[in-house]
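Asker: As input, take work.csv (CSV, C-alpha atoms):
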```
chain,number,residue,atom,x,y,z
L,30,MET,CA,-35.9,-73.0,-26.1
L,31,ALA,CA,-36.8,-73.1,-29.7
L,32,THR,CA,-34.0,-72.4,-32.2
L,33,LEU,CA,-34.5,-69.6,-34.7
L,34,SER,CA,-33.2,-71.6,-37.6
L,35,ALA,CA,-32.1,-75.1,-38.6
L,36,THR,CA,-28.8,-74.7,-36.8
L,37,PRO,CA,-28.1,-73.5,-33.3
L,38,SER,CA,-27.8,-69.7,-33.1
L,39,VAL,CA,-25.9,-67.4,-30.8
L,40,LEU,CA,-29.3,-65.7,-30.4
L,41,ASP,CA,-30.6,-68.9,-28.7
L,42,ARG,CA,-28.4,-67.9,-25.7
L,43,MET,CA,-30.0,-64.4,-25.4
L,44,PRO,CA,-32.9,-63.9,-23.0
L,45,ALA,CA,-36.4,-63.3,-24.4
L,46,HIS,CA,-36.4,-59.7,-23.3
L,47,ALA,CA,-33.2,-58.8,-25.2
L,48,ARG,CA,-33.8,-56.0,-27.8
L,49,VAL,CA,-33.3,-56.9,-31.5
L,50,TRP,CA,-32.8,-55.1,-34.8
L,51,VAL,CA,-33.5,-57.2,-37.9
L,52,TYR,CA,-31.8,-56.2,-41.2
L,53,LYS,CA,-32.7,-58.1,-44.4
L,54,SER,CA,-31.1,-58.8,-47.7
L,55,ALA,CA,-33.1,-59.5,-50.9
L,56,VAL,CA,-30.2,-61.6,-52.0
L,57,ALA,CA,-29.2,-64.8,-50.1
L,58,PHE,CA,-25.8,-64.6,-48.6
L,59,THR,CA,-23.1,-66.8,-50.2
L,60,PRO,CA,-21.0,-69.2,-48.1
L,61,ALA,CA,-18.1,-66.7,-48.2
L,62,GLN,CA,-20.4,-63.8,-47.1
L,63,LEU,CA,-21.8,-66.0,-44.3
L,64,GLU,CA,-18.3,-66.5,-43.0
L,65,MET,CA,-17.5,-62.8,-43.2
L,66,LEU,CA,-20.8,-61.9,-41.5
L,67,ALA,CA,-20.1,-64.4,-38.7
L,68,ALA,CA,-16.6,-63.0,-38.1
L,69,ARG,CA,-17.6,-59.4,-38.3
L,70,GLY,CA,-20.7,-60.0,-36.2
L,71,ALA,CA,-18.7,-61.7,-33.4
L,72,ALA,CA,-16.1,-58.9,-33.4
L,73,PHE,CA,-18.8,-56.2,-33.3
L,74,ALA,CA,-20.8,-58.0,-30.5
L,75,LYS,CA,-17.6,-58.3,-28.5
L,76,SER,CA,-16.7,-54.6,-28.9
L,77,TRP,CA,-20.1,-53.0,-28.8
L,78,ALA,CA,-20.3,-50.6,-25.8
L,79,ALA,CA,-22.5,-47.8,-24.4
L,80,HIS,CA,-20.8,-45.1,-22.4
L,81,GLY,CA,-17.8,-47.3,-21.9
L,82,ALA,CA,-19.8,-50.2,-20.6
L,83,GLN,CA,-19.6,-53.5,-22.6
L,84,LEU,CA,-23.0,-54.5,-24.0
L,85,ALA,CA,-24.2,-58.1,-23.7
L,86,ALA,CA,-24.7,-58.5,-27.4
L,87,ALA,CA,-25.0,-61.0,-30.2
L,88,VAL,CA,-25.1,-60.8,-33.9
L,89,ASP,CA,-26.3,-63.7,-36.1
L,90,VAL,CA,-27.5,-64.5,-39.6
L,91,LEU,CA,-30.8,-66.2,-40.0
L,92,HIS,CA,-32.2,-68.0,-43.1
L,93,ASP,CA,-29.2,-66.7,-45.2
L,94,HIS,CA,-31.0,-63.4,-45.6
L,95,PHE,CA,-31.3,-61.7,-42.2
L,96,VAL,CA,-28.6,-60.0,-40.0
L,97,VAL,CA,-29.9,-59.8,-36.5
L,98,LEU,CA,-28.4,-57.7,-33.7
L,99,ALA,CA,-29.5,-58.3,-30.1
L,100,VAL,CA,-28.6,-56.7,-26.8
L,101,ASP,CA,-29.6,-57.7,-23.3
L,102,GLU,CA,-30.0,-54.3,-21.7
L,103,THR,CA,-30.2,-55.6,-18.1
L,104,GLN,CA,-26.5,-55.0,-17.7
L,105,ALA,CA,-26.1,-51.8,-19.8
L,106,GLY,CA,-28.7,-50.2,-22.0
L,107,ALA,CA,-28.0,-49.3,-25.7
L,108,SER,CA,-27.8,-45.6,-25.8
L,109,GLY,CA,-28.2,-43.2,-28.8
L,110,CYS,CA,-24.5,-43.3,-29.5
L,111,SER,CA,-24.2,-47.1,-29.3
L,112,ILE,CA,-27.3,-47.5,-31.5
L,113,ASP,CA,-25.6,-45.1,-34.0
L,114,THR,CA,-22.5,-47.4,-33.8
L,115,SER,CA,-24.7,-50.4,-34.7
L,116,VAL,CA,-26.2,-48.5,-37.7
L,117,HIS,CA,-22.6,-47.6,-38.9
L,118,PHE,CA,-21.7,-51.3,-38.6
L,119,ILE,CA,-24.7,-52.3,-40.8
L,120,GLN,CA,-23.8,-49.6,-43.3
L,121,LYS,CA,-20.3,-50.9,-43.5
L,122,LEU,CA,-21.7,-54.4,-44.0
L,123,GLU,CA,-23.8,-53.1,-46.8
L,124,ARG,CA,-20.8,-51.6,-48.6
L,125,GLU,CA,-18.8,-54.8,-48.1
L,126,LEU,CA,-21.6,-57.0,-49.4
L,127,GLY,CA,-22.6,-54.7,-52.2
L,128,HIS,CA,-26.3,-54.7,-51.5
L,129,SER,CA,-28.8,-53.2,-49.1
L,130,LEU,CA,-29.8,-54.5,-45.7
L,131,THR,CA,-32.1,-51.6,-44.9
L,132,ASP,CA,-34.6,-51.6,-47.7
L,133,ARG,CA,-37.9,-51.7,-45.9
L,134,MET,CA,-39.8,-52.4,-49.2
L,135,VAL,CA,-38.3,-55.9,-49.5
L,136,VAL,CA,-40.7,-58.6,-48.4
L,137,LEU,CA,-39.4,-62.1,-47.7
L,138,TYR,CA,-41.7,-65.1,-47.4
L,139,GLN,CA,-41.5,-68.8,-47.5
L,140,LYS,CA,-42.9,-71.0,-50.3
L,141,ASN,CA,-42.2,-74.7,-50.6
L,142,GLY,CA,-39.7,-74.4,-47.8
L,143,GLN,CA,-37.6,-71.8,-49.7
L,144,VAL,CA,-37.2,-68.1,-48.9
L,145,GLN,CA,-38.7,-66.0,-51.7
L,146,VAL,CA,-38.4,-62.3,-52.3
L,147,CYS,CA,-40.7,-59.6,-53.7
L,148,ARG,CA,-41.2,-55.8,-53.3
L,149,ALA,CA,-44.0,-54.5,-51.1
L,150,GLN,CA,-45.7,-52.9,-54.1
L,151,GLU,CA,-45.9,-56.3,-55.8
L,152,VAL,CA,-47.8,-58.0,-53.0
L,153,GLU,CA,-51.3,-57.0,-54.2
L,154,ASP,CA,-50.7,-58.5,-57.6
L,155,LEU,CA,-49.1,-61.6,-56.1
L,156,LEU,CA,-52.2,-62.1,-54.0
L,157,LYS,CA,-54.4,-61.8,-57.0
L,158,SER,CA,-52.3,-64.3,-59.0
L,159,GLY,CA,-52.3,-66.8,-56.2
L,160,GLU,CA,-48.5,-66.7,-55.7
L,161,LEU,CA,-49.3,-65.3,-52.2
L,162,SER,CA,-52.2,-65.9,-49.9
L,163,ALA,CA,-53.3,-64.6,-46.5
L,164,GLU,CA,-51.8,-67.7,-45.1
L,165,THR,CA,-48.3,-67.4,-46.7
L,166,MET,CA,-45.7,-67.3,-44.1
L,167,VAL,CA,-43.9,-63.9,-44.2
L,168,PHE,CA,-40.8,-62.9,-42.3
L,169,ASN,CA,-41.7,-60.2,-39.8
L,170,ASP,CA,-38.6,-58.0,-39.5
L,171,MET,CA,-40.5,-55.6,-37.2
L,172,VAL,CA,-40.0,-57.7,-34.1
L,173,ALA,CA,-38.6,-55.9,-31.1
L,174,THR,CA,-37.2,-58.6,-28.8
L,175,VAL,CA,-35.6,-62.0,-29.0
L,176,GLY,CA,-38.9,-63.4,-27.6
L,177,ASP,CA,-40.8,-61.8,-30.4
L,178,LEU,CA,-38.2,-63.1,-32.9
L,179,ARG,CA,-38.7,-66.6,-31.6
L,180,GLU,CA,-42.5,-66.4,-31.6
L,181,ARG,CA,-43.4,-64.0,-34.3
L,182,PHE,CA,-40.6,-63.8,-36.9
L,183,GLN,CA,-42.6,-66.0,-39.3
L,184,VAL,CA,-46.3,-65.2,-39.4
L,185,PRO,CA,-49.1,-65.5,-41.9
L,186,LEU,CA,-49.2,-62.5,-44.2
L,187,LYS,CA,-52.7,-61.7,-42.8
L,188,GLU,CA,-50.9,-60.9,-39.4
L,189,THR,CA,-48.5,-58.3,-40.9
L,190,TRP,CA,-48.9,-54.8,-42.2
L,191,LEU,CA,-49.3,-56.4,-45.7
L,192,ALA,CA,-52.8,-57.6,-44.6
L,193,ARG,CA,-54.3,-54.5,-46.1
L,194,TYR,CA,-53.8,-56.1,-49.5
L,195,CYS,CA,-55.8,-59.3,-48.7
```
Spell out the structure here as structure tokens.
Answerer:
Amino acid sequence: MATLSATPSVLDRMPAHARVWVYKSAVAFTPAQLEMLAARGAAFAKSWAAHGAQLAAAVDVLHDHFVVLAVDETQAGASGCSIDTSVHFIQKLERELGHSLTDRMVVLYQKNGQVQVCRAQEVEDLLKSGELSAETMVFNDMVATVGDLRERFQVPLKETWLARYC
């Protein structure tokens, strides 16, 4: 099983069919924020339930920019109320961190082994200037399962919704 980042992840223990939600930060998390996220994430995963049934869940941070929630729904499915609970958890994290995790217009990509950030409306100009290309590896936060996260989290820009700018 491939790891999702340079260090082993709690997501590595989740089955490929587990459902995921990926939240992103335009700002890299600090070491103190990473510690806070690890503690809050572990506590949330341990307490996350649907209709009184404990969910087999995991929360992890990838590449110092992404908070990922995962749930294996074979034991108990995430219901509307439990999904609402996860959204409230993310909103609370946003308040504690002081920045957004839900801004869909943030685009994160890799250049020279580093995570770079731009806004979606900047992509066309960045392609014209050569900062980005159709082959630039972009983080695809639209993945739906842990398997997708493992296989399609980093894809060339031309394989994302941003391809229309190429």
Asker: Let me make sure I understand: among L:Leu178, L:Ala163, L:Val136, L:Ala149, which one has the smallest atom-to-atom distance to His94 (chain L) if we use only C-alpha atoms?
Answerer: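 Checking each of L:Leu178, L:Ala163, L:Val136, L:Ala149 against His94 (chain L), counting only C-alpha atoms, the winner is L:Val136.
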Asker: Find the spatial neighbours of region 56-62 of chain L, counting all atoms listed in the file, within a cut-off of 12 Å - ignore same-chain residues fewer than 5 positions away - and output them as a PyMOL selection string.
Answerer: chain L and resi 67-70+90-96+122-123+125-130+132+135-137+143-147
Asker: Between L:Met171, L:Leu98, L:Val39, L:Leu63, single out the one closest to Ile119 (chain L), counting only C-alpha atoms.
Answerer: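 Among the listed residues, L:Leu98 lies closest to Ile119 (chain L).
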Asker: For each of L:Trp50, L:Phe118, L:Tyr138, L:Trp190, take the minimum atom-to-atom distance to Phe168 (chain L), counting all atoms listed in the file, then give the residue where this is smallest.
Answerer: L:Tyr138
Asker: Could you tell me how far CA of Val116 (chain L) lies from CA of Ala85 (chain L), in Å and to one decimal?
Answerer: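 Distance between the two atoms: 17.1 Å.
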Asker: What does the distance from CA of Arg133 (chain L) to CA of Leu84 (chain L) come to in Å, to one decimal?
Answerer: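 Taking CA of Arg133 (chain L) and CA of Leu84 (chain L), their separation equals 26.6 Å.
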Asker: List the neighbours of Val175 (chain L) out to 8 Å using all atoms listed in the file; skip same-chain residues closer than 6 positions along the sequence, and give me the result as an NGL selection string.
Answerer: :L and (40 or 43-49 or 99)
Asker: Taking all atoms listed in the file into account, name the residue in L:Met166, L:Leu191, L:Leu66, L:Ile112 that is nearest to Arg148 (chain L).
Answerer: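 Answer, going by the shortest atom-to-atom distance: L:Leu191.
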Asker: Quick one: pull the distance between CA of Phe73 (chain L) and CA of Gln183 (chain L), Å, one decimal.
Answerer: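 Between these atoms lies a distance of 26.4 Å.
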Asker: With distances taken over only C-alpha atoms, which of L:Tyr194, L:Ala71, L:Glu188, L:Ser115 is nearest to Glu151 (chain L)?
Answerer: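 That would be L:Tyr194, the residue with the smallest distance to Glu151 (chain L).
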Asker: My list of candidates is L:Glu180, L:Ser76, L:Ala87, L:Thr131. Which is closest to Arg42 (chain L) when distances are computed with all atoms listed in the file?
Answerer: L:Ala87
